[in-house]
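J.: Structure: protein17.pdb, PDB, C-alpha atoms, pLDDT in the B column.
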```pdb
ATOM      1  CA  MET A  55       0.000   0.000   0.000  1.00 41.00           C
ATOM      2  CA  PRO A  56       1.628   3.317  -1.041  1.00 45.00           C
ATOM      3  CA  GLN A  57       2.323   5.687   1.810  1.00 45.00           C
ATOM      4  CA  PRO A  58       2.536   9.452   1.274  1.00 49.00           C
ATOM      5  CA  ASP A  59       6.188  10.475   0.920  1.00 53.00           C
ATOM      6  CA  GLY A  60       7.358   7.031   1.943  1.00 51.00           C
ATOM      7  CA  PRO A  61       8.212   3.565   0.763  1.00 53.00           C
ATOM      8  CA  THR A  62       5.682   1.052  -0.437  1.00 56.00           C
ATOM      9  CA  ILE A  63       4.783  -1.071   2.551  1.00 54.00           C
ATOM     10  CA  ILE A  64       3.493  -4.594   2.033  1.00 54.00           C
ATOM     11  CA  GLN A  65       1.152  -5.535   4.859  1.00 55.00           C
ATOM     12  CA  THR A  66       0.096  -9.074   5.617  1.00 56.00           C
ATOM     13  CA  SER A  67      -2.216 -10.670   8.084  1.00 61.00           C
ATOM     14  CA  PRO A  68      -0.774 -11.973  11.352  1.00 62.00           C
ATOM     15  CA  ALA A  69      -2.339 -15.329  10.374  1.00 69.00           C
ATOM     16  CA  ASP A  70      -1.306 -16.753   7.016  1.00 76.00           C
ATOM     17  CA  ILE A  71      -2.747 -19.623   5.020  1.00 79.00           C
ATOM     18  CA  SER A  72      -0.846 -22.837   5.698  1.00 84.00           C
ATOM     19  CA  ASP A  73      -3.145 -25.468   4.212  1.00 88.00           C
ATOM     20  CA  GLU A  74      -1.441 -28.589   2.856  1.00 93.00           C
ATOM     21  CA  ARG A  75      -4.135 -28.865   0.170  1.00 91.00           C
ATOM     22  CA  ILE A  76      -2.845 -25.756  -1.609  1.00 90.00           C
ATOM     23  CA  LYS A  77       0.880 -26.554  -1.350  1.00 91.00           C
ATOM     24  CA  THR A  78       3.056 -28.586  -3.667  1.00 93.00           C
ATOM     25  CA  ASN A  79       6.649 -29.876  -3.693  1.00 94.00           C
ATOM     26  CA  ILE A  80       6.614 -30.204   0.116  1.00 94.00           C
ATOM     27  CA  THR A  81      10.014 -31.376   1.391  1.00 94.00           C
ATOM     28  CA  ASP A  82      11.888 -31.339   4.684  1.00 94.00           C
ATOM     29  CA  PHE A  83      13.931 -28.205   5.371  1.00 93.00           C
ATOM     30  CA  ASP A  84      17.429 -28.795   4.004  1.00 90.00           C
ATOM     31  CA  GLY A  85      19.381 -26.091   5.831  1.00 91.00           C
ATOM     32  CA  ASP A  86      21.124 -25.720   9.158  1.00 93.00           C
ATOM     33  CA  ALA A  87      18.650 -23.504  11.008  1.00 94.00           C
ATOM     34  CA  LEU A  88      20.976 -22.755  13.909  1.00 94.00           C
ATOM     35  CA  SER A  89      23.825 -21.666  11.609  1.00 94.00           C
ATOM     36  CA  ASN A  90      21.373 -19.575   9.598  1.00 93.00           C
ATOM     37  CA  ILE A  91      20.104 -17.790  12.709  1.00 94.00           C
ATOM     38  CA  LEU A  92      23.684 -17.126  13.821  1.00 93.00           C
ATOM     39  CA  PHE A  93      24.385 -15.697  10.345  1.00 93.00           C
ATOM     40  CA  LEU A  94      21.269 -13.508  10.548  1.00 93.00           C
ATOM     41  CA  SER A  95      22.117 -12.248  14.036  1.00 93.00           C
ATOM     42  CA  GLY A  96      25.375 -10.825  12.702  1.00 91.00           C
ATOM     43  CA  GLY A  97      23.391  -8.786  10.183  1.00 91.00           C
ATOM     44  CA  LEU A  98      20.803  -7.316  12.550  1.00 94.00           C
ATOM     45  CA  LYS A  99      20.589  -3.554  11.909  1.00 94.00           C
ATOM     46  CA  THR A 100      18.697  -0.470  13.011  1.00 92.00           C
ATOM     47  CA  PHE A 101      17.621   2.008  10.351  1.00 88.00           C
ATOM     48  CA  ASN A 102      15.181   4.672   9.187  1.00 84.00           C
ATOM     49  CA  TRP A 103      13.268   4.520   5.900  1.00 81.00           C
ATOM     50  CA  ARG A 104      14.268   7.020   3.214  1.00 78.00           C
ATOM     51  CA  ASP A 105      11.593   9.255   1.779  1.00 70.00           C
ATOM     52  CA  SER A 106       9.887   8.283  -1.490  1.00 65.00           C
ATOM     53  CA  HIS A 107      12.310  10.413  -3.508  1.00 60.00           C
ATOM     54  CA  GLY A 108      15.341   8.415  -2.341  1.00 62.00           C
ATOM     55  CA  SER A 109      16.911  11.282  -0.427  1.00 64.00           C
ATOM     56  CA  ASP A 110      18.464  10.824   2.993  1.00 66.00           C
ATOM     57  CA  GLU A 111      15.477  12.594   4.521  1.00 64.00           C
ATOM     58  CA  THR A 112      13.748   9.937   6.560  1.00 62.00           C
ATOM     59  CA  HIS A 113      10.163   8.859   6.254  1.00 58.00           C
ATOM     60  CA  LEU A 114       8.569   8.441   9.655  1.00 56.00           C
ATOM     61  CA  GLY A 115      11.885   9.715  10.999  1.00 56.00           C
ATOM     62  CA  TRP A 116      10.674   9.457  14.543  1.00 63.00           C
ATOM     63  CA  ASN A 117      10.689   5.662  14.180  1.00 76.00           C
ATOM     64  CA  THR A 118      13.914   3.712  14.167  1.00 83.00           C
ATOM     65  CA  HIS A 119      13.326   0.206  12.852  1.00 85.00           C
ATOM     66  CA  THR A 120      15.187  -3.022  13.558  1.00 90.00           C
ATOM     67  CA  GLY A 121      15.619  -5.695  10.937  1.00 92.00           C
ATOM     68  CA  PHE A 122      17.786  -7.154   8.216  1.00 94.00           C
ATOM     69  CA  ILE A 123      19.153  -5.948   4.890  1.00 93.00           C
ATOM     70  CA  ALA A 124      18.112  -8.285   2.061  1.00 93.00           C
ATOM     71  CA  GLN A 125      21.345  -7.797   0.123  1.00 91.00           C
ATOM     72  CA  THR A 126      23.295  -9.122   3.138  1.00 92.00           C
ATOM     73  CA  LEU A 127      21.321 -12.365   3.005  1.00 91.00           C
ATOM     74  CA  LEU A 128      21.938 -12.669  -0.735  1.00 90.00           C
ATOM     75  CA  ALA A 129      25.677 -12.631   0.021  1.00 90.00           C
ATOM     76  CA  SER A 130      25.339 -15.875   1.995  1.00 90.00           C
ATOM     77  CA  SER A 131      26.721 -19.028   0.425  1.00 89.00           C
ATOM     78  CA  ASP A 132      23.814 -21.006   1.909  1.00 90.00           C
ATOM     79  CA  ASN A 133      20.759 -21.416  -0.325  1.00 90.00           C
ATOM     80  CA  SER A 134      18.497 -21.876   2.707  1.00 91.00           C
ATOM     81  CA  VAL A 135      19.393 -18.261   3.638  1.00 92.00           C
ATOM     82  CA  LYS A 136      19.155 -16.891   0.082  1.00 92.00           C
ATOM     83  CA  ARG A 137      15.647 -18.386  -0.267  1.00 92.00           C
ATOM     84  CA  LEU A 138      14.472 -15.905   2.371  1.00 93.00           C
ATOM     85  CA  VAL A 139      14.915 -13.049  -0.150  1.00 92.00           C
ATOM     86  CA  HIS A 140      12.255 -12.434  -2.781  1.00 90.00           C
ATOM     87  CA  THR A 141      12.134 -10.037  -5.719  1.00 88.00           C
ATOM     88  CA  PRO A 142       9.240  -8.890  -7.912  1.00 84.00           C
ATOM     89  CA  VAL A 143      11.364  -9.627 -11.011  1.00 84.00           C
ATOM     90  CA  ASP A 144      14.489 -11.634 -11.842  1.00 84.00           C
ATOM     91  CA  ASP A 145      17.632 -10.194 -10.265  1.00 77.00           C
ATOM     92  CA  SER A 146      19.015  -9.318 -13.696  1.00 81.00           C
ATOM     93  CA  ASP A 147      15.904  -7.206 -14.392  1.00 86.00           C
ATOM     94  CA  MET A 148      15.966  -5.270 -11.085  1.00 83.00           C
ATOM     95  CA  THR A 149      15.716  -1.495 -11.411  1.00 85.00           C
ATOM     96  CA  GLU A 150      16.018   1.306  -8.862  1.00 81.00           C
ATOM     97  CA  ARG A 151      12.239   1.132  -8.413  1.00 80.00           C
ATOM     98  CA  ASP A 152      12.212  -2.590  -7.549  1.00 87.00           C
ATOM     99  CA  ASN A 153      12.756  -3.714  -3.976  1.00 89.00           C
ATOM    100  CA  TYR A 154      13.972  -6.866  -2.296  1.00 90.00           C
ATOM    101  CA  TYR A 155      11.580  -8.517   0.178  1.00 91.00           C
ATOM    102  CA  LEU A 156      12.370 -10.752   3.147  1.00 92.00           C
ATOM    103  CA  ASP A 157      10.366 -13.795   4.128  1.00 91.00           C
ATOM    104  CA  TYR A 158      10.080 -13.130   7.863  1.00 90.00           C
ATOM    105  CA  LYS A 159       7.764 -16.160   8.205  1.00 90.00           C
ATOM    106  CA  GLY A 160      10.625 -18.298   6.916  1.00 92.00           C
ATOM    107  CA  ILE A 161      12.952 -16.707   9.461  1.00 94.00           C
ATOM    108  CA  THR A 162      10.419 -17.487  12.198  1.00 93.00           C
ATOM    109  CA  ALA A 163      10.216 -21.124  11.080  1.00 94.00           C
ATOM    110  CA  GLN A 164      14.003 -21.404  11.227  1.00 94.00           C
ATOM    111  CA  LEU A 165      13.967 -19.856  14.709  1.00 95.00           C
ATOM    112  CA  VAL A 166      11.578 -22.600  15.832  1.00 96.00           C
ATOM    113  CA  ARG A 167      13.942 -25.261  14.465  1.00 95.00           C
ATOM    114  CA  ALA A 168      16.989 -23.573  16.049  1.00 95.00           C
ATOM    115  CA  VAL A 169      15.305 -23.444  19.471  1.00 96.00           C
ATOM    116  CA  ALA A 170      14.416 -27.150  19.182  1.00 96.00           C
ATOM    117  CA  LEU A 171      18.054 -27.965  18.324  1.00 95.00           C
ATOM    118  CA  LEU A 172      19.300 -25.950  21.287  1.00 96.00           C
ATOM    119  CA  GLU A 173      16.786 -27.619  23.597  1.00 97.00           C
ATOM    120  CA  ALA A 174      18.039 -31.047  22.465  1.00 96.00           C
ATOM    121  CA  ARG A 175      21.640 -29.974  23.146  1.00 95.00           C
ATOM    122  CA  ILE A 176      20.718 -28.723  26.622  1.00 96.00           C
ATOM    123  CA  ALA A 177      18.921 -31.976  27.422  1.00 96.00           C
ATOM    124  CA  GLU A 178      21.922 -33.984  26.232  1.00 96.00           C
ATOM    125  CA  LEU A 179      24.274 -31.944  28.432  1.00 96.00           C
ATOM    126  CA  GLU A 180      21.977 -32.254  31.451  1.00 95.00           C
ATOM    127  CA  ASN A 181      21.731 -36.035  30.984  1.00 95.00           C
ATOM    128  CA  ALA A 182      25.520 -36.333  30.703  1.00 93.00           C
ATOM    129  CA  GLN A 183      26.026 -34.949  34.221  1.00 82.00           C
TER     130      GLN A 183
END
```
As a first step, turn the structure in this file into structure tokens.
T.:
Amino acid sequence: MPQPDGPTIIQTSPADISDERIKTNITDFDGDALSNILFLSGGLKTFNWRDSHGSDETHLGWNTHTGFIAQTLLASSDNSVKRLVHTPVDDSDMTERDNYYLDYKGITAQLVRAVALLEARIAELENAQ
């Protein structure tokens, strides 16, 4: 949804469709969630949005945001990290008006897996004592 003098903001519902009947090519996650989360944590940034004209004047300047920079994730050698970045067109066709998008739901899913892995490690260490 276009915002006056600001970036285009894509808004989604806090509840997303996750119905197996409308999914295809379902496979187990093939990445190392814990390594991916450690990679992401190194790229956590704070920032302000530029105005719609691309100047350094900030849009909603009173708000400092926390998040990731999509181009940082694209630099990863791990495809399970790169898959978190989406574009409206092929990378080779990107223009100054096109933006990269992050799949924060995918990041959340990897966080769930990473927590489960850490919990298993903790249990193993507790049982070894």
J.: Around (18.5, -18.9, 9.2) in the file's frame, which residues reach within 6 Å when counting only C-alpha atoms? Return as a list in words?
T.: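 Protein and nucleic acid residues near the point are Ala87, Asn90, Ile91, Val135, Ile161 and Gln164 of chain A.
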J.: Just to be explicit: take each residue in the selection above, keep C-alpha atoms, and write the result as an mmCIF file, in the coordinates of the input.
T.:
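Here's the written file again-v7.cif:
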```
data_model
loop_
_atom_site.group_PDB
_atom_site.id
_atom_site.type_symbol
_atom_site.label_atom_id
_atom_site.label_comp_id
_atom_site.auth_asym_id
_atom_site.auth_seq_id
_atom_site.Cartn_x
_atom_site.Cartn_y
_atom_site.Cartn_z
ATOM 1 C CA ALA A 87 18.650 -23.504 11.008
ATOM 2 C CA ASN A 90 21.373 -19.575 9.598
ATOM 3 C CA ILE A 91 20.104 -17.790 12.709
ATOM 4 C CA VAL A 135 19.393 -18.261 3.638
ATOM 5 C CA ILE A 161 12.952 -16.707 9.461
ATOM 6 C CA GLN A 164 14.003 -21.404 11.227
#
```
J.: To test the calculation: enclose all listed atoms of stretch 136-139 of chain A in a box whose edges run along x, y and z, add 3 Å on each side, then state centre and edge lengths in Å to one decimal, as JSON.
T.:
```
{"center_x": 16.8, "center_y": -15.7, "center_z": 1.1, "size_x": 10.7, "size_y": 11.3, "size_z": 8.6}
```
J.: A:Asn181, A:Asn133, A:Leu138, A:Ile176: which is nearest A:Asp86, counting only C-alpha atoms?
T.: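 Smallest separation from A:Asp86 among the options: A:Asn133.
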J.: (17.4, -16.9, -1.5) in this file's frame - what residues fall within 12 Å of it? Use all atoms listed in the file and give the answer as a ChimeraX atom specification.
T.: /A:85,124-141,144-145,154-157,160-161
J.: Take the residues just selected and output them with C-alpha atoms as a PDB file, keeping the file's coordinate frame.
T.:
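The file below, out_6.pdb, is the result:
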```
ATOM      1  CA  GLY A  85      19.381 -26.091   5.831  1.00 91.00           C
ATOM      2  CA  ALA A 124      18.112  -8.285   2.061  1.00 93.00           C
ATOM      3  CA  GLN A 125      21.345  -7.797   0.123  1.00 91.00           C
ATOM      4  CA  THR A 126      23.295  -9.122   3.138  1.00 92.00           C
ATOM      5  CA  LEU A 127      21.321 -12.365   3.005  1.00 91.00           C
ATOM      6  CA  LEU A 128      21.938 -12.669  -0.735  1.00 90.00           C
ATOM      7  CA  ALA A 129      25.677 -12.631   0.021  1.00 90.00           C
ATOM      8  CA  SER A 130      25.339 -15.875   1.995  1.00 90.00           C
ATOM      9  CA  SER A 131      26.721 -19.028   0.425  1.00 89.00           C
ATOM     10  CA  ASP A 132      23.814 -21.006   1.909  1.00 90.00           C
ATOM     11  CA  ASN A 133      20.759 -21.416  -0.325  1.00 90.00           C
ATOM     12  CA  SER A 134      18.497 -21.876   2.707  1.00 91.00           C
ATOM     13  CA  VAL A 135      19.393 -18.261   3.638  1.00 92.00           C
ATOM     14  CA  LYS A 136      19.155 -16.891   0.082  1.00 92.00           C
ATOM     15  CA  ARG A 137      15.647 -18.386  -0.267  1.00 92.00           C
ATOM     16  CA  LEU A 138      14.472 -15.905   2.371  1.00 93.00           C
ATOM     17  CA  VAL A 139      14.915 -13.049  -0.150  1.00 92.00           C
ATOM     18  CA  HIS A 140      12.255 -12.434  -2.781  1.00 90.00           C
ATOM     19  CA  THR A 141      12.134 -10.037  -5.719  1.00 88.00           C
ATOM     20  CA  ASP A 144      14.489 -11.634 -11.842  1.00 84.00           C
ATOM     21  CA  ASP A 145      17.632 -10.194 -10.265  1.00 77.00           C
ATOM     22  CA  TYR A 154      13.972  -6.866  -2.296  1.00 90.00           C
ATOM     23  CA  TYR A 155      11.580  -8.517   0.178  1.00 91.00           C
ATOM     24  CA  LEU A 156      12.370 -10.752   3.147  1.00 92.00           C
ATOM     25  CA  ASP A 157      10.366 -13.795   4.128  1.00 91.00           C
ATOM     26  CA  GLY A 160      10.625 -18.298   6.916  1.00 92.00           C
ATOM     27  CA  ILE A 161      12.952 -16.707   9.461  1.00 94.00           C
TER      28      ILE A 161
END
```
J.: For A:Leu172, list every protein, DNA or RNA residue within 9 Å, evaluated using all atoms listed in the file, and leave out those in the same chain fewer than 5 positions away; present the list as a tab-separated table (two decimals) with C-alpha atoms, keeping the file's coordinate frame.
T.:
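Result file follows (result_36.tsv):
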```tsv
chain	number	residue	atom	x	y	z
A	88	LEU	CA	20.98	-22.76	13.91
A	167	ARG	CA	13.94	-25.26	14.46
A	177	ALA	CA	18.92	-31.98	27.42
```
J.: For the atom pair atom CA of A:Glu74 and atom CA of A:Thr162, what is the interatomic distance in Å to one decimal place?
T.: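 Separation of atom CA of A:Glu74 and atom CA of A:Thr162: 18.7 Å.
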J.: Any idea what the distance is between atom CA of A:His119 and atom CA of A:Ser72?
T.: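 It comes out at 28.0 Å.
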J.: Tell me which residues the PyMOL selection byres ((chain A and resi 98) around 12) grabs here, as a ChimeraX atom specification.
T.: /A:91-97,99-101,119-124,126-127
J.: Find the distance between atom CA of A:Asn117 and atom CA of A:Tyr158 and write it in Å to one decimal.
T.: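 Those two atoms sit 19.8 Å apart.
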